[in-house]
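Structure first, then comments.
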Amino acid sequence: MSLRNICAVVAAGLFIAGCNSQQTTLPPPGSTPPPPAALFLTGAATSVHDYGLPISSASTPAFSFSGLTAASGMAIDSAGKLYVVNDNAPHAVYVFAPPFSASSTPVATINLPAADTNPFTIALDASGDVWVNQCSATGMVYEFTPPFSGTITPTPAITLTTVNVCPTGLGFDGSGNLYVANTNSGTNTVSVWTAPIHSGDPPAGSLTGLNNPQGLGFDAAHNLYVTNKGDGSIARFNAPISLGASPSITDPSANTGLPTGGGYTQINFDSAGNMYVADCGTQLFEYPLATTPFSNATTPSVTFTTPDSCGAGVVIGQ
């Protein structure tokens, strides 16, 4: 069976994660992925910080650009445009285009629905559609479709009601299934919507065995990593992932360095496979998964203090 056909199969609750992941793009066979050039980090202030890679414990931004009131989660598209959530008024997603500099200003502003409060996280699907959370009395996730230009207030193409008043981590596997971390919901789960997704769809099921999950991200092999705010651990679900699955590996806080009760909100990977976790506290963590397989004893290779009080979002640019 071809990879295209395999990716179309969803049977017995099993998700085949193997094609066109928006989190990481697999290089053609025999090719070498380009080295990552920059790491972007937000803080709970007005700025997005640009760091050269590789990072070290003494890293400082090469430059920063501002124009936000409370920068939070980020995503980057195939053209290198950076999408930044502003989780304070005005509630919006700001789009910045490369090349980036200290004087970068948004090329588009996507105003979120009036009821939206504290939209922390964002994800892009394989089509380049923007998905963002709503943290309010009833937690929602919205999809917005491009093009995005100027200042706009679009009607969501899809609206989903979550099991959590404040869904945090958002991400898509290679088959277009949506994963949403249910932080502070008391369920200790990640909800899963199977593609194709329509407005009002309930989740098809969930992943269990977590402790107040928050950030999530997929590596190039389509394994899912989830940070547990409740105990500072990192859990991995090995691909292929089934509904109802529990973590295949859990690395406790004694190794991860993540604080119990921390505010980490986003996980991302560079092209070499190293993993980065932004803690909405004071630190950024790098885990050397390019050279050291993830286990229940994985420790960070780099930890550095962020310039702002809350480094809530991290993405890697080329």
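Order determines the names: the first chain of the structure tokens is A, the second B, and so forth; residues in each chain are numbered 1 upward, and ligands are numbered 1 upward as they are shown.
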
**OP:** Would you list the contacts of stretch 255-272 of chain A as a VMD selection string, taking every protein, DNA or RNA residue within 7 Å and counting only C-alpha atoms, but skipping same-chain residues closer than 2 positions in sequence?
**Re:** chain A and resid 33 35 to 36 73 168 to 169 214 to 217 219 229 to 233 251 to 253 274 to 281 290 297 to 300 312 to 316

Original post:
If you run DSSP on the backbone, which residues of stretch 243-297 of chain A are helix (DSSP H, G or I), as a PyMOL selection string?
Top reply: chain A and resi 253-256

How would the residues just chosen look if you wrote them out with C-alpha atoms as an mmCIF file, in the first residue's frame?
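Written file, result08.cif:
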```
data_model
loop_
_atom_site.group_PDB
_atom_site.id
_atom_site.type_symbol
_atom_site.label_atom_id
_atom_site.label_comp_id
_atom_site.auth_asym_id
_atom_site.auth_seq_id
_atom_site.Cartn_x
_atom_site.Cartn_y
_atom_site.Cartn_z
ATOM 1 C CA SER A 253 10.536 16.407 36.757
ATOM 2 C CA ALA A 254 13.677 15.285 38.577
ATOM 3 C CA ASN A 255 15.215 14.811 35.115
ATOM 4 C CA THR A 256 13.345 17.238 32.871
#
```

**OP:** Tell me, as a list in words, which residues lie within 7 Å of A:Ser246, counting only C-alpha atoms; anything in the same chain fewer than 2 positions away does not count.
**Re:** Leu207, Thr208, Gly209, Gly244 and Ser248 of chain A

Original post:
Counting only C-alpha atoms, which of A:Thr145, A:Thr303, A:Thr187, A:Ser104 gets nearest to A:Ser59?
Top reply: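 Of A:Thr145, A:Thr303, A:Thr187, A:Ser104, the one nearest A:Ser59, counting only C-alpha atoms, is A:Thr303.
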
Original post:
What lies within 9 Å of A:Lys81 using only C-alpha atoms, ignoring chain neighbours under 6 positions off, as a list of chain:residue names?
Top reply: A:Ala75, A:Val95, A:Phe96, A:Ala97, A:Pro98

Subject >> Within 8 Å of A:Asp201 using only C-alpha atoms, minus same-chain residues under 4 positions, as a PyMOL selection string >> reply: chain A and resi 160+193+197

Those residues you just picked out, can you put them in a file as an mmCIF file, in the first residue's frame with N, CA and C atoms?
```
data_model
loop_
_atom_site.group_PDB
_atom_site.id
_atom_site.type_symbol
_atom_site.label_atom_id
_atom_site.label_comp_id
_atom_site.auth_asym_id
_atom_site.auth_seq_id
_atom_site.Cartn_x
_atom_site.Cartn_y
_atom_site.Cartn_z
ATOM 1 N N LEU A 160 -15.014 24.663 17.556
ATOM 2 C CA LEU A 160 -15.116 23.442 18.346
ATOM 3 C C LEU A 160 -15.255 23.795 19.812
ATOM 4 N N TRP A 193 -9.591 15.153 17.790
ATOM 5 C CA TRP A 193 -10.608 15.246 16.725
ATOM 6 C C TRP A 193 -10.018 14.616 15.476
ATOM 7 N N ILE A 197 -12.537 17.474 9.982
ATOM 8 C CA ILE A 197 -13.141 18.098 11.155
ATOM 9 C C ILE A 197 -14.176 19.119 10.706
#
```

**OP:** Name the residues in contact with A:Ile122 at a cut-off of 9 Å, using only C-alpha atoms, excluding same-chain residues fewer than 2 positions from it; report them as a list in words.
**Re:** Gly73, Met74, Ala75, Tyr83, Val84, Val85, Val93, Pro119, Phe120, Leu124, Val130, Trp131, Val132, Asn133, Thr168, Gly169, Leu170 and Gly171 of chain A

Residues as selected, C-alpha atoms, written as a PDB file, in the first residue's frame, can you do that?
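Written output follows (out-v2.pdb):
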```pdb
ATOM      1  CA  GLY A  73       2.046  31.078  21.505  1.00  0.00           C
ATOM      2  CA  MET A  74       3.536  31.123  18.005  1.00  0.00           C
ATOM      3  CA  ALA A  75       3.538  29.181  14.753  1.00  0.00           C
ATOM      4  CA  TYR A  83       2.048  34.006  13.655  1.00  0.00           C
ATOM      5  CA  VAL A  84       1.992  35.367  17.214  1.00  0.00           C
ATOM      6  CA  VAL A  85      -0.957  35.194  19.623  1.00  0.00           C
ATOM      7  CA  VAL A  93      -3.081  36.951  16.012  1.00  0.00           C
ATOM      8  CA  PRO A 119      -5.974  32.980  23.622  1.00  0.00           C
ATOM      9  CA  PHE A 120      -2.687  31.308  24.562  1.00  0.00           C
ATOM     10  CA  LEU A 124      -1.265  25.669  11.618  1.00  0.00           C
ATOM     11  CA  VAL A 130      -4.824  29.044  11.615  1.00  0.00           C
ATOM     12  CA  TRP A 131      -6.247  27.321  14.710  1.00  0.00           C
ATOM     13  CA  VAL A 132      -6.313  29.188  18.018  1.00  0.00           C
ATOM     14  CA  ASN A 133      -7.764  28.497  21.461  1.00  0.00           C
ATOM     15  CA  THR A 168      -3.789  25.005  25.832  1.00  0.00           C
ATOM     16  CA  GLY A 169      -1.583  22.851  23.621  1.00  0.00           C
ATOM     17  CA  LEU A 170      -2.787  22.465  20.031  1.00  0.00           C
ATOM     18  CA  GLY A 171      -1.240  20.319  17.315  1.00  0.00           C
TER      19      GLY A 171
END
```

**OP:** Report as a ChimeraX atom specification: the residues of stretch 64-226 of chain A with a DSSP assignment of strand (DSSP E or B), based on the backbone of this structure.
**Re:** /A:64-65,71-76,82-86,92-96,108-111,122-124,130-134,140-144,150-152,158-161,170-172,178-181,190-193,205-207,213-218,224-226

Serialized selection, C-alpha atoms, as a PDB file, in the first residue's frame:
```
ATOM      1  CA  SER A  64      13.737  41.657  19.443  1.00  0.00           C
ATOM      2  CA  PHE A  65      10.702  43.159  17.760  1.00  0.00           C
ATOM      3  CA  ALA A  71       2.824  37.842  23.317  1.00  0.00           C
ATOM      4  CA  SER A  72       2.079  34.142  23.793  1.00  0.00           C
ATOM      5  CA  GLY A  73       2.046  31.078  21.505  1.00  0.00           C
ATOM      6  CA  MET A  74       3.536  31.123  18.005  1.00  0.00           C
ATOM      7  CA  ALA A  75       3.538  29.181  14.753  1.00  0.00           C
ATOM      8  CA  ILE A  76       5.538  29.503  11.542  1.00  0.00           C
ATOM      9  CA  LEU A  82       5.471  34.092  11.961  1.00  0.00           C
ATOM     10  CA  TYR A  83       2.048  34.006  13.655  1.00  0.00           C
ATOM     11  CA  VAL A  84       1.992  35.367  17.214  1.00  0.00           C
ATOM     12  CA  VAL A  85      -0.957  35.194  19.623  1.00  0.00           C
ATOM     13  CA  ASN A  86      -1.642  38.282  21.719  1.00  0.00           C
ATOM     14  CA  ALA A  92      -5.587  38.932  18.060  1.00  0.00           C
ATOM     15  CA  VAL A  93      -3.081  36.951  16.012  1.00  0.00           C
ATOM     16  CA  TYR A  94      -0.315  39.119  14.521  1.00  0.00           C
ATOM     17  CA  VAL A  95       1.425  37.949  11.342  1.00  0.00           C
ATOM     18  CA  PHE A  96       5.058  38.970  10.687  1.00  0.00           C
ATOM     19  CA  ALA A 108      -1.681  41.248   9.066  1.00  0.00           C
ATOM     20  CA  THR A 109      -3.752  41.408  12.246  1.00  0.00           C
ATOM     21  CA  ILE A 110      -6.410  38.734  12.749  1.00  0.00           C
ATOM     22  CA  ASN A 111      -8.870  39.970  15.373  1.00  0.00           C
ATOM     23  CA  ILE A 122      -1.932  28.451  18.043  1.00  0.00           C
ATOM     24  CA  ALA A 123      -1.306  25.767  15.412  1.00  0.00           C
ATOM     25  CA  LEU A 124      -1.265  25.669  11.618  1.00  0.00           C
ATOM     26  CA  VAL A 130      -4.824  29.044  11.615  1.00  0.00           C
ATOM     27  CA  TRP A 131      -6.247  27.321  14.710  1.00  0.00           C
ATOM     28  CA  VAL A 132      -6.313  29.188  18.018  1.00  0.00           C
ATOM     29  CA  ASN A 133      -7.764  28.497  21.461  1.00  0.00           C
ATOM     30  CA  GLN A 134     -10.279  30.494  23.509  1.00  0.00           C
ATOM     31  CA  MET A 140     -13.339  26.904  22.267  1.00  0.00           C
ATOM     32  CA  VAL A 141     -10.957  26.289  19.383  1.00  0.00           C
ATOM     33  CA  TYR A 142     -11.360  28.324  16.183  1.00  0.00           C
ATOM     34  CA  GLU A 143     -10.121  27.776  12.634  1.00  0.00           C
ATOM     35  CA  PHE A 144      -9.435  30.749  10.337  1.00  0.00           C
ATOM     36  CA  GLY A 150      -4.286  44.100   6.827  1.00  0.00           C
ATOM     37  CA  THR A 151      -6.515  44.250   9.894  1.00  0.00           C
ATOM     38  CA  ILE A 152      -9.399  41.780   9.640  1.00  0.00           C
ATOM     39  CA  ILE A 158     -14.781  25.987  12.235  1.00  0.00           C
ATOM     40  CA  THR A 159     -15.666  26.322  15.923  1.00  0.00           C
ATOM     41  CA  LEU A 160     -15.116  23.442  18.346  1.00  0.00           C
ATOM     42  CA  THR A 161     -16.260  23.242  21.961  1.00  0.00           C
ATOM     43  CA  LEU A 170      -2.787  22.465  20.031  1.00  0.00           C
ATOM     44  CA  GLY A 171      -1.240  20.319  17.315  1.00  0.00           C
ATOM     45  CA  PHE A 172      -1.887  18.202  14.230  1.00  0.00           C
ATOM     46  CA  LEU A 178      -6.245  17.673  15.941  1.00  0.00           C
ATOM     47  CA  TYR A 179      -4.886  17.201  19.478  1.00  0.00           C
ATOM     48  CA  VAL A 180      -5.880  19.596  22.293  1.00  0.00           C
ATOM     49  CA  ALA A 181      -4.404  19.534  25.805  1.00  0.00           C
ATOM     50  CA  VAL A 190      -5.587  15.264  25.490  1.00  0.00           C
ATOM     51  CA  SER A 191      -8.703  15.371  23.299  1.00  0.00           C
ATOM     52  CA  VAL A 192      -8.473  14.171  19.692  1.00  0.00           C
ATOM     53  CA  TRP A 193     -10.608  15.246  16.725  1.00  0.00           C
ATOM     54  CA  GLY A 205     -11.673  10.242  21.962  1.00  0.00           C
ATOM     55  CA  SER A 206      -8.740  11.152  24.147  1.00  0.00           C
ATOM     56  CA  LEU A 207      -5.297  10.195  25.382  1.00  0.00           C
ATOM     57  CA  PRO A 213      -1.189  18.376  30.396  1.00  0.00           C
ATOM     58  CA  GLN A 214      -0.284  21.640  28.718  1.00  0.00           C
ATOM     59  CA  GLY A 215       2.218  21.872  25.855  1.00  0.00           C
ATOM     60  CA  LEU A 216       2.333  19.310  23.063  1.00  0.00           C
ATOM     61  CA  GLY A 217       4.355  18.729  19.911  1.00  0.00           C
ATOM     62  CA  PHE A 218       5.217  16.067  17.333  1.00  0.00           C
ATOM     63  CA  LEU A 224       3.690  13.000  20.457  1.00  0.00           C
ATOM     64  CA  TYR A 225       5.310  14.761  23.436  1.00  0.00           C
ATOM     65  CA  VAL A 226       3.201  16.346  26.206  1.00  0.00           C
TER      66      VAL A 226
END
```

Subject >> Who sits within 6 Å of A:Val302, only C-alpha atoms, same chain under 3 positions skipped, as a PyMOL selection string >> reply: chain A and resi 56-57+285-286

**OP:** Go ahead and compute the interatomic distance for atom CA of A:Gly52 and atom CA of A:Val107, in Å to one decimal.
**Re:**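 These atoms are spaced 23.3 Å apart.
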
Subject >> Which of A:Thr194, A:Asn177, A:Thr153, A:Thr291 sits closest to A:Pro113 [using only C-alpha atoms] >> reply: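 Under the stated criterion, the closest residue is A:Thr153.
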